[in-house]
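File shown: input37.cif. Contents: mmCIF, C-alpha atoms and all ligand atoms.
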data_data
loop_
_atom_site.label_atom_id
_atom_site.label_comp_id
_atom_site.auth_asym_id
_atom_site.auth_seq_id
_atom_site.Cartn_x
_atom_site.Cartn_y
_atom_site.Cartn_z
CA MET O 1 -39.41 -18.85 22.43
CA SER O 2 -36.91 -17.13 24.60
CA LEU O 3 -36.63 -13.43 24.27
CA PRO O 4 -33.32 -11.59 24.48
CA ILE O 5 -32.79 -10.02 27.88
CA SER O 6 -33.29 -6.48 26.65
CA ARG O 7 -36.60 -7.34 24.99
CA ARG O 8 -37.91 -9.10 28.09
CA HIS O 9 -36.77 -6.18 30.17
CA LEU O 10 -38.70 -3.78 27.94
CA LEU O 11 -41.88 -5.82 28.13
CA ALA O 12 -41.69 -5.92 31.89
CA ALA O 13 -41.08 -2.22 32.05
CA GLY O 14 -44.00 -1.62 29.73
CA THR O 15 -46.31 -3.60 31.97
CA ALA O 16 -45.20 -1.68 34.99
CA VAL O 17 -45.70 1.63 33.24
CA GLY O 18 -49.11 0.50 32.01
CA LEU O 19 -50.20 -0.25 35.55
CA ALA O 20 -48.80 2.96 36.87
CA ALA O 21 -50.43 4.95 34.08
CA GLY O 22 -53.83 3.82 35.29
CA LEU O 23 -53.12 5.30 38.66
CA ALA O 24 -51.57 8.68 38.13
CA ALA O 25 -48.69 10.62 36.82
CA PRO O 26 -47.66 11.05 33.18
CA ARG O 27 -44.85 8.82 32.04
CA PRO O 28 -41.51 10.48 32.57
CA ALA O 29 -39.02 10.60 29.73
CA GLN O 30 -36.63 7.62 29.95
CA ALA O 31 -33.63 9.64 28.78
CA ALA O 32 -32.91 12.79 26.85
CA ALA O 33 -32.50 12.07 23.12
CA PRO O 34 -28.91 12.68 22.08
CA MET O 35 -28.14 15.64 19.86
CA LEU O 36 -27.18 14.20 16.49
CA GLY O 37 -24.99 16.98 15.14
CA THR O 38 -25.04 15.42 11.67
CA LEU O 39 -26.17 16.93 8.37
CA PRO O 40 -28.83 15.35 6.16
CA PRO O 41 -27.92 14.53 2.56
CA ALA O 42 -28.28 17.67 0.42
CA TRP O 43 -29.75 17.11 -3.02
CA HIS O 44 -32.78 18.50 -4.84
CA ARG O 45 -34.36 17.06 -7.97
CA PHE O 46 -36.69 18.61 -10.55
CA LYS O 47 -37.78 18.21 -14.15
CA TRP O 48 -36.56 20.67 -16.76
CA GLY O 49 -38.51 20.05 -19.97
CA ALA O 50 -37.54 16.55 -21.06
CA PHE O 51 -34.45 16.61 -18.81
CA GLU O 52 -34.05 15.57 -15.20
CA ALA O 53 -31.96 17.87 -13.04
CA THR O 54 -30.50 17.20 -9.60
CA VAL O 55 -28.70 19.83 -7.56
CA ILE O 56 -26.01 18.41 -5.25
CA SER O 57 -24.35 20.39 -2.47
CA ASP O 58 -20.61 20.36 -1.91
CA GLY O 59 -21.25 22.07 1.45
CA HIS O 60 -20.82 25.58 2.76
CA LEU O 61 -17.89 27.77 1.72
CA PRO O 62 -17.10 30.32 4.45
CA LEU O 63 -15.30 33.39 3.09
CA GLY O 64 -14.73 35.21 6.37
CA LYS O 65 -14.94 38.99 6.59
CA PRO O 66 -16.97 40.29 3.61
CA ALA O 67 -14.72 43.35 3.22
CA ASP O 68 -11.77 41.03 2.46
CA SER O 69 -13.52 39.48 -0.55
CA PHE O 70 -15.86 42.18 -1.87
CA VAL O 71 -14.15 45.42 -2.84
CA GLY O 72 -14.43 48.40 -5.13
CA PRO O 73 -17.62 50.28 -6.14
CA GLY O 74 -20.30 50.14 -3.44
CA ALA O 75 -18.15 48.23 -0.93
CA GLY O 76 -18.77 50.88 1.72
CA ASP O 77 -22.43 49.82 1.81
CA ILE O 78 -21.67 46.14 2.54
CA PRO O 79 -22.54 46.16 6.29
CA ALA O 80 -25.85 47.95 5.68
CA MET O 81 -26.76 45.71 2.74
CA LEU O 82 -26.08 42.51 4.71
CA THR O 83 -27.77 43.69 7.90
CA GLY O 84 -30.80 44.83 5.91
CA GLU O 85 -31.16 41.32 4.48
CA PHE O 86 -30.77 39.67 7.92
CA LEU O 87 -27.30 38.40 7.05
CA ASP O 88 -24.21 38.46 9.27
CA PRO O 89 -22.25 41.63 8.42
CA SER O 90 -19.05 40.14 9.86
CA ALA O 91 -18.92 36.90 7.83
CA ALA O 92 -19.99 35.84 4.35
CA THR O 93 -20.78 32.19 3.71
CA LEU O 94 -21.40 30.90 0.21
CA GLU O 95 -23.05 27.68 -0.94
CA GLN O 96 -21.72 25.30 -3.60
CA ASN O 97 -24.59 24.12 -5.79
CA ILE O 98 -23.61 21.48 -8.33
CA LEU O 99 -26.00 20.66 -11.18
CA VAL O 100 -26.33 17.09 -12.40
CA LEU O 101 -28.24 16.94 -15.67
CA ASN O 102 -29.68 13.82 -17.25
CA THR O 103 -30.59 14.66 -20.85
CA GLY O 104 -31.89 11.15 -21.48
CA ARG O 105 -28.77 10.45 -23.51
CA GLN O 106 -25.99 11.71 -21.28
CA LEU O 107 -25.38 12.40 -17.62
CA LEU O 108 -23.55 15.69 -17.00
CA LEU O 109 -22.03 17.09 -13.81
CA PHE O 110 -21.47 20.87 -13.75
CA ASP O 111 -18.38 21.54 -11.57
CA THR O 112 -17.13 19.23 -8.82
CA GLY O 113 -16.76 21.19 -5.58
CA MET O 114 -13.52 21.31 -3.56
CA GLY O 115 -13.03 17.56 -3.34
CA GLU O 116 -10.10 16.09 -1.38
CA SER O 117 -7.40 15.93 -4.03
CA MET O 118 -5.15 18.54 -2.45
CA GLY O 119 -5.08 17.18 1.10
CA ALA O 120 -5.02 19.93 3.73
CA GLN O 121 -5.26 22.57 0.99
CA SER O 122 -8.67 21.15 0.07
CA ARG O 123 -9.80 22.39 3.49
CA MET O 124 -8.50 25.92 3.02
CA PHE O 125 -12.03 27.24 3.52
CA GLY O 126 -12.61 24.96 6.53
CA PRO O 127 -14.12 21.52 7.08
CA THR O 128 -17.57 22.11 5.58
CA THR O 129 -16.64 21.64 1.90
CA GLY O 130 -16.00 18.40 0.00
CA ARG O 131 -19.45 16.81 0.33
CA MET O 132 -20.14 16.37 -3.41
CA LEU O 133 -19.42 12.64 -3.65
CA ALA O 134 -21.41 11.71 -0.56
CA ASN O 135 -24.37 13.78 -1.74
CA LEU O 136 -24.10 12.45 -5.31
CA ARG O 137 -24.33 8.89 -3.99
CA ALA O 138 -27.14 9.85 -1.61
CA ALA O 139 -29.04 11.11 -4.67
CA GLY O 140 -28.66 7.68 -6.27
CA ILE O 141 -25.95 8.60 -8.77
CA ASP O 142 -22.69 6.67 -9.18
CA PRO O 143 -19.67 8.78 -10.25
CA ALA O 144 -18.91 6.11 -12.89
CA GLN O 145 -22.21 7.02 -14.57
CA ILE O 146 -21.11 10.60 -15.31
CA ASP O 147 -20.41 10.99 -19.04
CA MET O 148 -19.10 14.53 -18.90
CA VAL O 149 -17.98 16.98 -16.24
CA VAL O 150 -18.77 20.47 -17.53
CA ALA O 151 -16.60 23.06 -15.77
CA THR O 152 -17.46 26.74 -15.56
CA HIS O 153 -13.82 27.50 -14.73
CA ALA O 154 -10.71 25.97 -13.16
CA HIS O 155 -10.85 27.35 -9.59
CA CYS O 156 -10.49 25.05 -6.57
CA ASP O 157 -14.17 24.92 -5.62
CA HIS O 158 -15.09 23.92 -9.19
CA VAL O 159 -12.51 21.37 -10.40
CA TRP O 160 -10.55 20.06 -7.42
CA GLY O 161 -13.04 17.21 -7.09
CA LEU O 162 -12.01 15.69 -10.43
CA VAL O 163 -9.38 13.42 -8.86
CA ASP O 164 -8.79 11.82 -5.47
CA GLU O 165 -5.79 12.56 -3.27
CA ARG O 166 -3.65 9.99 -5.13
CA GLY O 167 -4.51 11.66 -8.43
CA GLY O 168 -6.91 8.94 -9.62
CA ARG O 169 -9.92 9.96 -11.70
CA VAL O 170 -13.08 10.22 -9.59
CA PHE O 171 -15.17 10.06 -12.79
CA PRO O 172 -13.54 7.18 -14.71
CA ASN O 173 -15.86 7.39 -17.72
CA ALA O 174 -16.18 11.16 -18.04
CA GLN O 175 -14.87 13.68 -20.52
CA VAL O 176 -14.18 17.14 -19.10
CA ALA O 177 -15.57 20.16 -20.95
CA ILE O 178 -13.94 23.51 -20.15
CA ASN O 179 -12.80 26.66 -21.93
CA GLU O 180 -9.29 26.29 -23.33
CA ALA O 181 -8.12 29.67 -22.05
CA ASP O 182 -8.81 28.52 -18.49
CA VAL O 183 -6.93 25.27 -18.98
CA LYS O 184 -3.91 27.14 -20.34
CA PHE O 185 -3.94 29.83 -17.65
CA TRP O 186 -4.42 27.59 -14.61
CA THR O 187 -1.87 24.96 -15.65
CA ASP O 188 0.91 27.46 -16.37
CA ASP O 189 3.50 27.90 -13.61
CA ALA O 190 4.38 31.30 -15.07
CA ASN O 191 1.10 32.58 -13.57
CA LYS O 192 2.24 31.82 -10.01
CA ARG O 193 2.43 35.49 -9.12
CA GLY O 194 0.13 38.16 -7.74
CA PRO O 195 -2.26 37.11 -4.96
CA GLU O 196 -0.92 34.53 -2.51
CA PHE O 197 -3.52 31.93 -3.48
CA MET O 198 -2.18 31.66 -7.04
CA PRO O 199 0.49 28.91 -6.56
CA VAL O 200 -1.87 26.49 -4.84
CA PHE O 201 -4.73 27.26 -7.25
CA ILE O 202 -2.41 26.41 -10.15
CA ASP O 203 -0.99 23.27 -8.52
CA GLY O 204 -4.53 22.07 -7.82
CA ALA O 205 -5.77 22.76 -11.34
CA LYS O 206 -2.75 20.96 -12.80
CA LYS O 207 -3.26 17.88 -10.63
CA ASN O 208 -6.96 17.67 -11.45
CA LEU O 209 -6.95 18.59 -15.16
CA ASP O 210 -3.80 16.63 -16.05
CA ALA O 211 -5.57 13.38 -15.15
CA TYR O 212 -8.08 14.09 -17.94
CA ARG O 213 -5.69 15.44 -20.59
CA ASP O 214 -6.67 12.72 -23.06
CA ARG O 215 -10.36 13.51 -22.69
CA LEU O 216 -10.65 17.30 -22.47
CA VAL O 217 -13.31 18.99 -24.59
CA MET O 218 -12.26 22.58 -25.24
CA VAL O 219 -15.44 24.68 -25.12
CA ARG O 220 -15.91 27.84 -27.22
CA ASP O 221 -18.53 30.59 -26.93
CA GLY O 222 -21.84 29.48 -28.43
CA GLN O 223 -20.79 25.85 -28.72
CA GLU O 224 -23.40 23.20 -28.06
CA VAL O 225 -21.55 20.98 -25.60
CA VAL O 226 -24.21 18.28 -25.85
CA PRO O 227 -27.67 18.68 -27.42
CA GLY O 228 -29.54 21.21 -25.25
CA VAL O 229 -26.49 22.62 -23.43
CA THR O 230 -24.85 25.74 -24.91
CA ALA O 231 -21.73 27.55 -23.67
CA ILE O 232 -21.87 31.30 -22.99
CA PHE O 233 -18.38 32.82 -22.69
CA THR O 234 -18.39 35.09 -19.61
CA PRO O 235 -14.75 36.04 -18.94
CA GLY O 236 -13.42 38.12 -16.06
CA HIS O 237 -13.71 36.02 -12.91
CA THR O 238 -11.26 33.82 -14.82
CA VAL O 239 -9.97 34.25 -18.36
CA GLY O 240 -12.18 31.46 -19.68
CA HIS O 241 -15.16 31.53 -17.30
CA THR O 242 -18.19 30.07 -19.05
CA CYS O 243 -21.91 29.89 -18.21
CA TYR O 244 -24.07 27.13 -19.69
CA ALA O 245 -27.64 27.49 -20.96
CA VAL O 246 -29.72 24.35 -20.52
CA ALA O 247 -32.70 24.37 -22.89
CA SER O 248 -35.45 21.81 -23.25
CA GLU O 249 -38.98 22.09 -24.62
CA GLY O 250 -38.64 25.84 -25.06
CA ARG O 251 -37.47 26.66 -21.54
CA THR O 252 -34.02 27.86 -20.58
CA LEU O 253 -32.13 27.46 -17.30
CA VAL O 254 -28.75 29.20 -17.18
CA ASN O 255 -26.06 27.65 -15.00
CA THR O 256 -24.21 30.85 -14.13
CA GLY O 257 -21.21 29.44 -12.24
CA ASP O 258 -19.32 32.33 -10.62
CA LEU O 259 -20.93 35.15 -12.57
CA ALA O 260 -21.97 36.52 -9.16
CA HIS O 261 -20.80 35.21 -5.77
CA HIS O 262 -23.38 36.86 -3.56
CA GLN O 263 -27.11 37.18 -4.04
CA VAL O 264 -27.25 40.58 -2.32
CA LEU O 265 -23.90 42.32 -2.71
CA LEU O 266 -23.14 41.61 -6.36
CA LEU O 267 -26.74 41.86 -7.57
CA ARG O 268 -27.45 45.20 -5.92
CA GLN O 269 -24.00 46.43 -6.96
CA PRO O 270 -23.00 44.47 -10.09
CA LEU O 271 -19.86 46.60 -10.52
CA MET O 272 -18.52 45.69 -7.09
CA GLU O 273 -15.41 43.52 -7.42
CA PHE O 274 -14.49 40.13 -6.00
CA ALA O 275 -11.00 39.49 -4.63
CA TYR O 276 -10.60 36.16 -6.45
CA ASP O 277 -11.37 37.67 -9.88
CA THR O 278 -8.48 37.35 -12.35
CA ASP O 279 -9.68 40.55 -14.07
CA PRO O 280 -12.09 42.30 -11.67
CA LYS O 281 -13.09 45.11 -14.06
CA ARG O 282 -13.88 42.71 -16.89
CA SER O 283 -15.69 40.41 -14.47
CA ALA O 284 -17.90 43.30 -13.33
CA GLN O 285 -18.71 44.30 -16.92
CA THR O 286 -19.55 40.72 -17.83
CA ARG O 287 -21.72 40.41 -14.73
CA ALA O 288 -23.65 43.61 -15.49
CA ARG O 289 -24.25 42.54 -19.09
CA MET O 290 -25.35 38.99 -18.21
CA LEU O 291 -27.61 40.06 -15.33
CA ASP O 292 -29.40 42.42 -17.72
CA ARG O 293 -29.83 39.58 -20.21
CA LEU O 294 -31.10 37.13 -17.58
CA ALA O 295 -33.61 39.65 -16.21
CA THR O 296 -34.79 40.74 -19.65
CA ASP O 297 -35.15 37.20 -21.02
CA ARG O 298 -36.66 35.96 -17.73
CA HIS O 299 -34.49 32.88 -17.86
CA ALA O 300 -34.32 30.65 -14.80
CA VAL O 301 -30.93 30.61 -13.10
CA LEU O 302 -28.90 28.07 -11.20
CA SER O 303 -26.21 29.98 -9.32
CA TYR O 304 -23.30 28.02 -7.87
CA HIS O 305 -22.75 30.15 -4.77
CA PHE O 306 -26.25 31.46 -3.96
CA PRO O 307 -28.36 30.09 -1.06
CA TRP O 308 -29.17 26.39 -1.47
CA PRO O 309 -30.20 25.08 -3.96
CA GLY O 310 -29.36 28.21 -5.98
CA LEU O 311 -32.46 28.14 -8.19
CA GLY O 312 -34.41 31.26 -9.03
CA HIS O 313 -34.63 34.33 -11.23
CA VAL O 314 -32.98 37.72 -11.50
CA ARG O 315 -35.22 40.80 -11.46
CA LYS O 316 -34.28 44.42 -12.16
CA GLN O 317 -34.48 46.53 -9.00
CA GLY O 318 -33.35 50.14 -8.79
CA GLU O 319 -29.87 50.55 -10.22
CA GLY O 320 -29.16 46.85 -9.79
CA TYR O 321 -30.94 43.51 -9.47
CA ALA O 322 -32.72 41.35 -6.93
CA TRP O 323 -32.54 37.59 -6.50
CA VAL O 324 -35.92 35.83 -6.48
CA PRO O 325 -35.51 32.26 -5.18
CA ALA O 326 -37.74 29.62 -6.74
CA PRO O 327 -40.11 27.84 -4.35
CA MET O 328 -38.73 24.44 -3.35
CA ASN O 329 -42.05 22.74 -4.01
CA VAL O 330 -41.99 23.28 -7.75
CA THR O 331 -41.04 20.41 -9.97
CA SER O 332 -40.48 22.73 -12.90
CA LEU O 333 -39.41 26.35 -13.07
CA GLY O 334 -39.60 29.12 -15.60
ZN ZN Q 1 -16.57 29.50 -7.05
#
Hey, can you dump this file as structure tokens for me?
Amino acid sequence: MSLPISRRHLLAAGTAVGLAAGLAAPRPAQAAAPMLGTLPPAWHRFKWGAFEATVISDGHLPLGKPADSFVGPGAGDIPAMLTGEFLDPSAATLEQNILVLNTGRQLLLFDTGMGESMGAQSRMFGPTTGRMLANLRAAGIDPAQIDMVVATHAHCDHVWGLVDERGGRVFPNAQVAINEADVKFWTDDANKRGPEFMPVFIDGAKKNLDAYRDRLVMVRDGQEVVPGVTAIFTPGHTVGHTCYAVASEGRTLVNTGDLAHHQVLLLRQPLMEFAYDTDPKRSAQTRARMLDRLATDRHAVLSYHFPWPGLGHVRKQGEGYAWVPAPMNVTSLG
């Protein structure tokens, strides 16, 4: 048998090193290992009662200077709050945690991440978003298997992954469940006023939702979207923002969407406001009410923008709340 040159070369080198090793010096490194600079797939799987849940990351969402996004009551304390929690006071970076839920009968995807449907606009928060599809596939899930995309609201980082850049459906077999008020608001050109992000947010929502017009499920407060998944109307961040309670075998996990964007700032100061809120005052009231309910009922929480993978609980602390992350080694929470 003739060995390839490289293999023969290695064997010879090995012999030489073996001889040398008997005599003296430790074997020197052949070459420095290259830095890889790549990210591992980001998904996390756990059982929830009879359901199987997988959290998929769409990547980091850098917001820039915290004072540009978080305003109103308590905003003066932002640098101290971030520094005290060992976070960068000059930049806030959110996560995008997408829940995939297999109920045994249906496969649901809660929000889609930024996607790539809007070209350069899909990178408005930088190059780190848009990883949902790669991570979904890495977790062993084909987009064609998704029966329903359940949207918390129609903002870019939640529905712009519904279609590809040509407008084709990324989830060919899926219905899309979303509150009707959000569909109406974010597909209406008359709302292209106010903050400068409004026109592109509306164009993106139109492109993504229009492709599913014949398969939209308009979700109302208290509606059971599929058995075990119940909508909780939580307006303010958008007019139709909706949380979803996932219940199985007596345990409840609440997918809170954008009820709170930051695990420190908006939990310590629930009445602080967020610059992307459609109705900041109503959003703050909704947040305060829901945080109280989550803490009192001791429900587990999956938060879209909290540190990966966004699983944990909310605990009362002082005048506000604290985020208690769930250990990663648990297979079930609650
Ligand atoms: Zn969001």
In file coordinates, which residues lie within 12 Å of (-19.1, 11.4, -5.0) using only C-alpha atoms, given as a PDB file with C-alpha atoms, in the coordinates of the input?
ATOM      1  CA  ILE O  56     -26.010  18.410  -5.250  1.00  0.00           C
ATOM      2  CA  SER O  57     -24.350  20.390  -2.470  1.00  0.00           C
ATOM      3  CA  ASP O  58     -20.610  20.360  -1.910  1.00  0.00           C
ATOM      4  CA  ILE O  98     -23.610  21.480  -8.330  1.00  0.00           C
ATOM      5  CA  VAL O 100     -26.330  17.090 -12.400  1.00  0.00           C
ATOM      6  CA  LEU O 109     -22.030  17.090 -13.810  1.00  0.00           C
ATOM      7  CA  THR O 112     -17.130  19.230  -8.820  1.00  0.00           C
ATOM      8  CA  GLY O 113     -16.760  21.190  -5.580  1.00  0.00           C
ATOM      9  CA  MET O 114     -13.520  21.310  -3.560  1.00  0.00           C
ATOM     10  CA  GLY O 115     -13.030  17.560  -3.340  1.00  0.00           C
ATOM     11  CA  GLU O 116     -10.100  16.090  -1.380  1.00  0.00           C
ATOM     12  CA  GLY O 130     -16.000  18.400   0.000  1.00  0.00           C
ATOM     13  CA  ARG O 131     -19.450  16.810   0.330  1.00  0.00           C
ATOM     14  CA  MET O 132     -20.140  16.370  -3.410  1.00  0.00           C
ATOM     15  CA  LEU O 133     -19.420  12.640  -3.650  1.00  0.00           C
ATOM     16  CA  ALA O 134     -21.410  11.710  -0.560  1.00  0.00           C
ATOM     17  CA  ASN O 135     -24.370  13.780  -1.740  1.00  0.00           C
ATOM     18  CA  LEU O 136     -24.100  12.450  -5.310  1.00  0.00           C
ATOM     19  CA  ARG O 137     -24.330   8.890  -3.990  1.00  0.00           C
ATOM     20  CA  ALA O 138     -27.140   9.850  -1.610  1.00  0.00           C
ATOM     21  CA  ALA O 139     -29.040  11.110  -4.670  1.00  0.00           C
ATOM     22  CA  GLY O 140     -28.660   7.680  -6.270  1.00  0.00           C
ATOM     23  CA  ILE O 141     -25.950   8.600  -8.770  1.00  0.00           C
ATOM     24  CA  ASP O 142     -22.690   6.670  -9.180  1.00  0.00           C
ATOM     25  CA  PRO O 143     -19.670   8.780 -10.250  1.00  0.00           C
ATOM     26  CA  ALA O 144     -18.910   6.110 -12.890  1.00  0.00           C
ATOM     27  CA  GLN O 145     -22.210   7.020 -14.570  1.00  0.00           C
ATOM     28  CA  ILE O 146     -21.110  10.600 -15.310  1.00  0.00           C
ATOM     29  CA  GLY O 161     -13.040  17.210  -7.090  1.00  0.00           C
ATOM     30  CA  LEU O 162     -12.010  15.690 -10.430  1.00  0.00           C
ATOM     31  CA  VAL O 163      -9.380  13.420  -8.860  1.00  0.00           C
ATOM     32  CA  ASP O 164      -8.790  11.820  -5.470  1.00  0.00           C
ATOM     33  CA  ARG O 169      -9.920   9.960 -11.700  1.00  0.00           C
ATOM     34  CA  VAL O 170     -13.080  10.220  -9.590  1.00  0.00           C
ATOM     35  CA  PHE O 171     -15.170  10.060 -12.790  1.00  0.00           C
ATOM     36  CA  PRO O 172     -13.540   7.180 -14.710  1.00  0.00           C
TER      37      PRO O 172
END
| message | Just checking: using all atoms listed in the file, which residue out of O:Ile202, O:Ala50, O:Ala151, O:Ala300 ends up closest to ligand ZN 1 (chain Q)? | response | O:Ala151
Within 12 Å of segment 34-45 of chain O: each segment 289-318 of chain O residue with its shortest pair, all atoms listed in the file, as CSV:
residue,atom,partner,partner_atom,distance
O:Trp308,CA,O:Ala42,CA,9.0
O:Pro309,CA,O:His44,CA,7.1
O:Gly310,CA,O:His44,CA,10.4
O:Leu311,CA,O:His44,CA,10.2
| field | Cut-off 7 Å, only C-alpha atoms and all ligand atoms, neighbours of ligand ZN 1 (chain Q) as a ChimeraX atom specification | value | /O:155,157-158,257-258,304-305
| Residue with smallest distance to Ala247 of chain O - pool O:Arg268, O:Arg123, O:His299, O:Lys65, counting only C-alpha atoms |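 The shortest atom-to-atom distance to Ala247 of chain O comes from O:His299.
Candidate residues O:Thr278, O:Asn97, O:Thr83, O:Gln30 were compared for distance to Pro195 of chain O, and the nearest is O:Thr278, using all atoms listed in the file.
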| message | Let me make sure I understand: among O:Leu267, O:Ile178, O:Leu101, O:Ala154, which one has the smallest atom-to-atom distance to Gly318 of chain O if we use only C-alpha atoms? | response |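 Of O:Leu267, O:Ile178, O:Leu101, O:Ala154, the one nearest Gly318 of chain O is O:Leu267, counting only C-alpha atoms.
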| said: Considering only C-alpha atoms, can you say which of O:Thr242, O:Asn102, O:Thr93, O:Gln269 comes closest to Pro227 of chain O? | reply: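 Checking each of O:Thr242, O:Asn102, O:Thr93, O:Gln269 against Pro227 of chain O, counting only C-alpha atoms, the winner is O:Asn102.
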